[in-house]
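J.: To start, I am sharing the structure in question, which I have written as structure tokens.
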Amino acid sequence: MAPERWLFWHRRDLRLTDNLGLALAADHTPAVTGVYVLDPTLLDADDQAPARLWFLRDSLAELQESWRMAGSRLLLLQGDPAELLPRLATALAAGTVAWNREVEPLSRARDRRVAAALGAVGVRVQADWDQLLVAPEALRTGAGEPYRVYGPFLRNWRSQLERKAPLGAATTGGLAPVAAPSGLLDLALDAIPAERRPQGGALPLLAALPATLTETLTAARAFAGAELCPCRPGEAAALAQLVAFTDASGPLAKGKGIPLLAYEPGRNLPGDAGTSALSAALAFGTISPRQCWAAAQVARAQARGTEDLHSITVWEQELGWREFYQQALFHFPALAEGPFRPQWRHFPWQNTPAWLESWSEGLTGMPIVDAAMRQLNRSGWMHNRCRMIVASFLVKDLICDWRLGERLFMTRLVDGDLAANNGGWQWTASSGMDPRPLRIFNPATQAGRFDPEARYIRHWLPELAHVSNADLISGSIAPLERRGYPEPLVDHRRQQALFKELYAGLPRG
Ligand SMILES: Cc1cc2nc3c(=O)[nH]c(=O)nc-3n(C[C@H](O)[C@H](O)[C@H](O)COP(=O)(O)OP(=O)(O)OC[C@H]3O[C@@H](n4cnc5c(N)ncnc54)[C@H](O)[C@@H]3O)c2cc1C
């Protein structure tokens, strides 16, 4: 008797290695077929970014090939998953559809619809966590509440990880990445009645992905920044990036040491490539957090002292921030709608359209802000330190509602992710879970500390290459030296005072 067929539905886990849902499917049966549904409500969403479509297209093209190598295939469908997956499962006589769970409110609602539709035609659903090191339900305060503060969350999260496998142990315990499945059984198309075959026109099955997505990437939305983007699509490239960042044999490490061991303080210097640039890979799941965690544990063995170990710990904590924001969105879905702190709903934002436009195009007259926005616009990615600087500038200096910035980021970021983006903006705006009431960045102070030789500024604002470091940092550039670069839109001190005054007028609580 032929083994039962399962479908594995890829969503934000575009890889075969260490894909827990897929591994579970392959444990049950070798007859696993992959499926990805190009859902127009997501692809054509107003906040969809050309950079993300590029990353998705190239990652899916590679994934199709990986499925072939594993012995089976990845089917591509276009439409509503709640309509298509039951039809596909029925056509292929698949008894179970497996997938990995997600935290976003819309994805969870979609998954409930899909599960109900599958149940209605007698198909089982197998869904569990994969994109998080610790499941959100397992992270509760002593009082049984979800965490609102990062510090205590981090302590609990770390101790759960250390219980699963001691620090430094990468390949043992519950955190060891699992291998990609191999020797899968492909569909025996001949055995399926002609009218039910996916190719028979019964399903909107796509023969090849790139052509279809290329249509979606119309001229107006095409992404021109692929060469400059530090995030590379596909599972193989993500793994290569992880190795380069964490491994003594990685190409970046040769002669210079392992980049991860210099993460602190290098991670804060936007002029250096001191971070992993794995954010898009983690957002699309071309790499798993367990692979990242395991690589960090291997690097522990290479550490020469407490500074190296500290760097590794700080990077692990960044993975912790990722999980903090995901569990926050899981437990408090209203975060996606607006401020976590209710009094911020009453803030009298000025939202000056011309200022928002200047900010988004990197024309505010404040070099560190403009350099960062040009990095985003040209490469689809921005350094974390600069994300904080430009976000603070939009909210606290230009007095624009943070949701406008959050949205603009989503329309441009290759790694755009609701949980991380919303968390980052609410943190900067002071409207979120961060217990510190009012944090205001001085962009010139930030530039002086983190880009003291103005290397980052000059790189992204080459028209200012002739200006002195001090003037690039402060933004006080003489008119003759500006050569078309704009005057500062605002005076930081004045805006800071105004912001504080408006904040003081908010209801307390
Ligand atoms: C206003 C604002 C918006 C942001 N929007 C996004 C977004 O849409 N998508 C996104 O992935 N990150 C976002 N971040 C977080 C952070 O800036 C990026 O994750 C980081 O710059 C990615 O670079 P990296 O991969 O080199 O990170 P590394 O420093 O190498 O860190 C490793 C991984 O940890 C995670 N991580 C690191 N810092 C954070 C953080 N503060 N919050 C959440 N996860 C983190 C990322 O997955 C990252 O790839 C935002 C931050 C701010 C302040």
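Here, A, B, ... name the chains of the structure tokens in the order displayed, residue numbers run from 1 inside each chain, and ligands are numbered from 1 in the same displayed order.
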Could you list, as a ChimeraX atom specification, all residues that come within 6 Å of ligand 1? Count only C-alpha atoms and all ligand atoms.

T.: /A:275-279,282,318-319,321-322,383-384,387-388,391,415-417,420-421,424-425

J.: Quick one: residues within 9 Å of stretch 462-465 of chain A, only C-alpha atoms, excluding same-chain residues fewer than 2 positions away - as a list of chain:residue names?

T.: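 My list of contacting residues is A:Pro367, A:Ile457, A:Arg458, A:His459, A:Trp460, A:Val467, A:Ser468, A:Leu472, A:Glu481, A:Arg482, A:Arg483, A:Gly484, A:Tyr485.
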
J.: Can I get the selection written as a PDB file, in the first residue's frame, with N, CA and C atoms?

T.:
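What ended up in again_30.pdb:
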ATOM      1  N   PRO A 367      22.624  65.084   8.400  1.00  0.00           N
ATOM      2  CA  PRO A 367      23.316  64.049   7.609  1.00  0.00           C
ATOM      3  C   PRO A 367      23.130  62.620   8.095  1.00  0.00           C
ATOM      4  N   ILE A 457      28.181  58.249   6.959  1.00  0.00           N
ATOM      5  CA  ILE A 457      27.512  59.412   6.354  1.00  0.00           C
ATOM      6  C   ILE A 457      28.077  59.654   4.956  1.00  0.00           C
ATOM      7  N   ARG A 458      29.381  59.663   4.825  1.00  0.00           N
ATOM      8  CA  ARG A 458      29.988  59.927   3.501  1.00  0.00           C
ATOM      9  C   ARG A 458      29.614  58.846   2.491  1.00  0.00           C
ATOM     10  N   HIS A 459      29.528  57.606   2.984  1.00  0.00           N
ATOM     11  CA  HIS A 459      29.215  56.520   2.051  1.00  0.00           C
ATOM     12  C   HIS A 459      27.860  56.735   1.390  1.00  0.00           C
ATOM     13  N   TRP A 460      26.865  57.103   2.195  1.00  0.00           N
ATOM     14  CA  TRP A 460      25.509  57.215   1.643  1.00  0.00           C
ATOM     15  C   TRP A 460      25.176  58.631   1.166  1.00  0.00           C
ATOM     16  N   VAL A 467      32.996  67.584   3.075  1.00  0.00           N
ATOM     17  CA  VAL A 467      32.689  68.303   4.329  1.00  0.00           C
ATOM     18  C   VAL A 467      33.468  67.660   5.489  1.00  0.00           C
ATOM     19  N   SER A 468      33.849  68.470   6.482  1.00  0.00           N
ATOM     20  CA  SER A 468      34.640  67.938   7.609  1.00  0.00           C
ATOM     21  C   SER A 468      33.796  66.979   8.450  1.00  0.00           C
ATOM     22  N   LEU A 472      29.772  67.186   9.384  1.00  0.00           N
ATOM     23  CA  LEU A 472      28.862  66.105   8.979  1.00  0.00           C
ATOM     24  C   LEU A 472      28.125  65.552  10.191  1.00  0.00           C
ATOM     25  N   GLU A 481      29.271  75.099   1.243  1.00  0.00           N
ATOM     26  CA  GLU A 481      29.660  73.682   1.204  1.00  0.00           C
ATOM     27  C   GLU A 481      28.484  72.750   0.930  1.00  0.00           C
ATOM     28  N   ARG A 482      27.293  73.297   0.988  1.00  0.00           N
ATOM     29  CA  ARG A 482      26.111  72.426   0.863  1.00  0.00           C
ATOM     30  C   ARG A 482      25.931  71.886  -0.546  1.00  0.00           C
ATOM     31  N   ARG A 483      26.241  72.682  -1.526  1.00  0.00           N
ATOM     32  CA  ARG A 483      26.157  72.258  -2.943  1.00  0.00           C
ATOM     33  C   ARG A 483      24.852  71.528  -3.239  1.00  0.00           C
ATOM     34  N   GLY A 484      23.772  72.140  -2.840  1.00  0.00           N
ATOM     35  CA  GLY A 484      22.456  71.566  -3.133  1.00  0.00           C
ATOM     36  C   GLY A 484      21.881  70.719  -2.006  1.00  0.00           C
ATOM     37  N   TYR A 485      22.723  70.326  -1.041  1.00  0.00           N
ATOM     38  CA  TYR A 485      22.203  69.550   0.107  1.00  0.00           C
ATOM     39  C   TYR A 485      21.347  70.491   0.967  1.00  0.00           C
TER      40      TYR A 485
END

J.: Could you give me, as a Markdown table, a per-residue list for stretch 263-371 of chain A showing, wherever an atom lies at most 8 Å from an atom of stretch 129-145 of chain A, the closest pair of atoms and their distance in Å to one decimal, using only C-alpha atoms and sorting by chain then residue number from low to high?

T.:
| residue | atom | partner | partner_atom | distance |
| --- | --- | --- | --- | --- |
| A:Gly285 | CA | A:Gln131 | CA | 7.3 |
| A:Ser288 | CA | A:Gln131 | CA | 6.5 |
| A:Pro289 | CA | A:Leu133 | CA | 6.3 |
| A:Arg290 | CA | A:Leu133 | CA | 6.4 |
| A:Glu323 | CA | A:Leu132 | CA | 6.4 |
| A:Gln326 | CA | A:Pro136 | CA | 7.9 |
| A:Gln327 | CA | A:Pro136 | CA | 5.0 |
| A:Phe330 | CA | A:Pro136 | CA | 7.2 |
| A:His331 | CA | A:Pro136 | CA | 7.9 |

J.: Write the residues of the selection above to a file with C-alpha atoms, as a PDB file, in the first residue's frame.

T.:
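Below you can see result.pdb, which holds the result:
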ATOM      1  CA  GLY A 285      12.687  31.641   7.451  1.00  0.00           C
ATOM      2  CA  SER A 288      15.978  29.139  11.635  1.00  0.00           C
ATOM      3  CA  PRO A 289      16.601  30.693  15.032  1.00  0.00           C
ATOM      4  CA  ARG A 290      17.894  27.303  16.206  1.00  0.00           C
ATOM      5  CA  GLU A 323      11.326  36.726  20.299  1.00  0.00           C
ATOM      6  CA  GLN A 326       6.917  38.150  18.612  1.00  0.00           C
ATOM      7  CA  GLN A 327       5.524  36.919  21.921  1.00  0.00           C
ATOM      8  CA  PHE A 330       1.051  36.991  19.971  1.00  0.00           C
ATOM      9  CA  HIS A 331      -0.315  37.916  23.401  1.00  0.00           C
TER      10      HIS A 331
END

J.: Between A:Arg493, A:Gln126, A:Leu24, A:Leu53, which has the minimum distance to A:Phe441 (counting only C-alpha atoms)?

T.: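 Closest to A:Phe441, using only C-alpha atoms: A:Arg493.
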
J.: Counting only C-alpha atoms, figure out which residue out of A:Val35, A:Leu161, A:Ala82, A:Ala280 gets nearest to A:Ala109.

T.: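 Ranked by minimum distance to A:Ala109, first place goes to A:Ala82.
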
J.: Taking only C-alpha atoms into account, name the residue in A:Ala336, A:Ala31, A:Val490, A:Val37 that is nearest to A:Pro181.

T.: A:Ala31
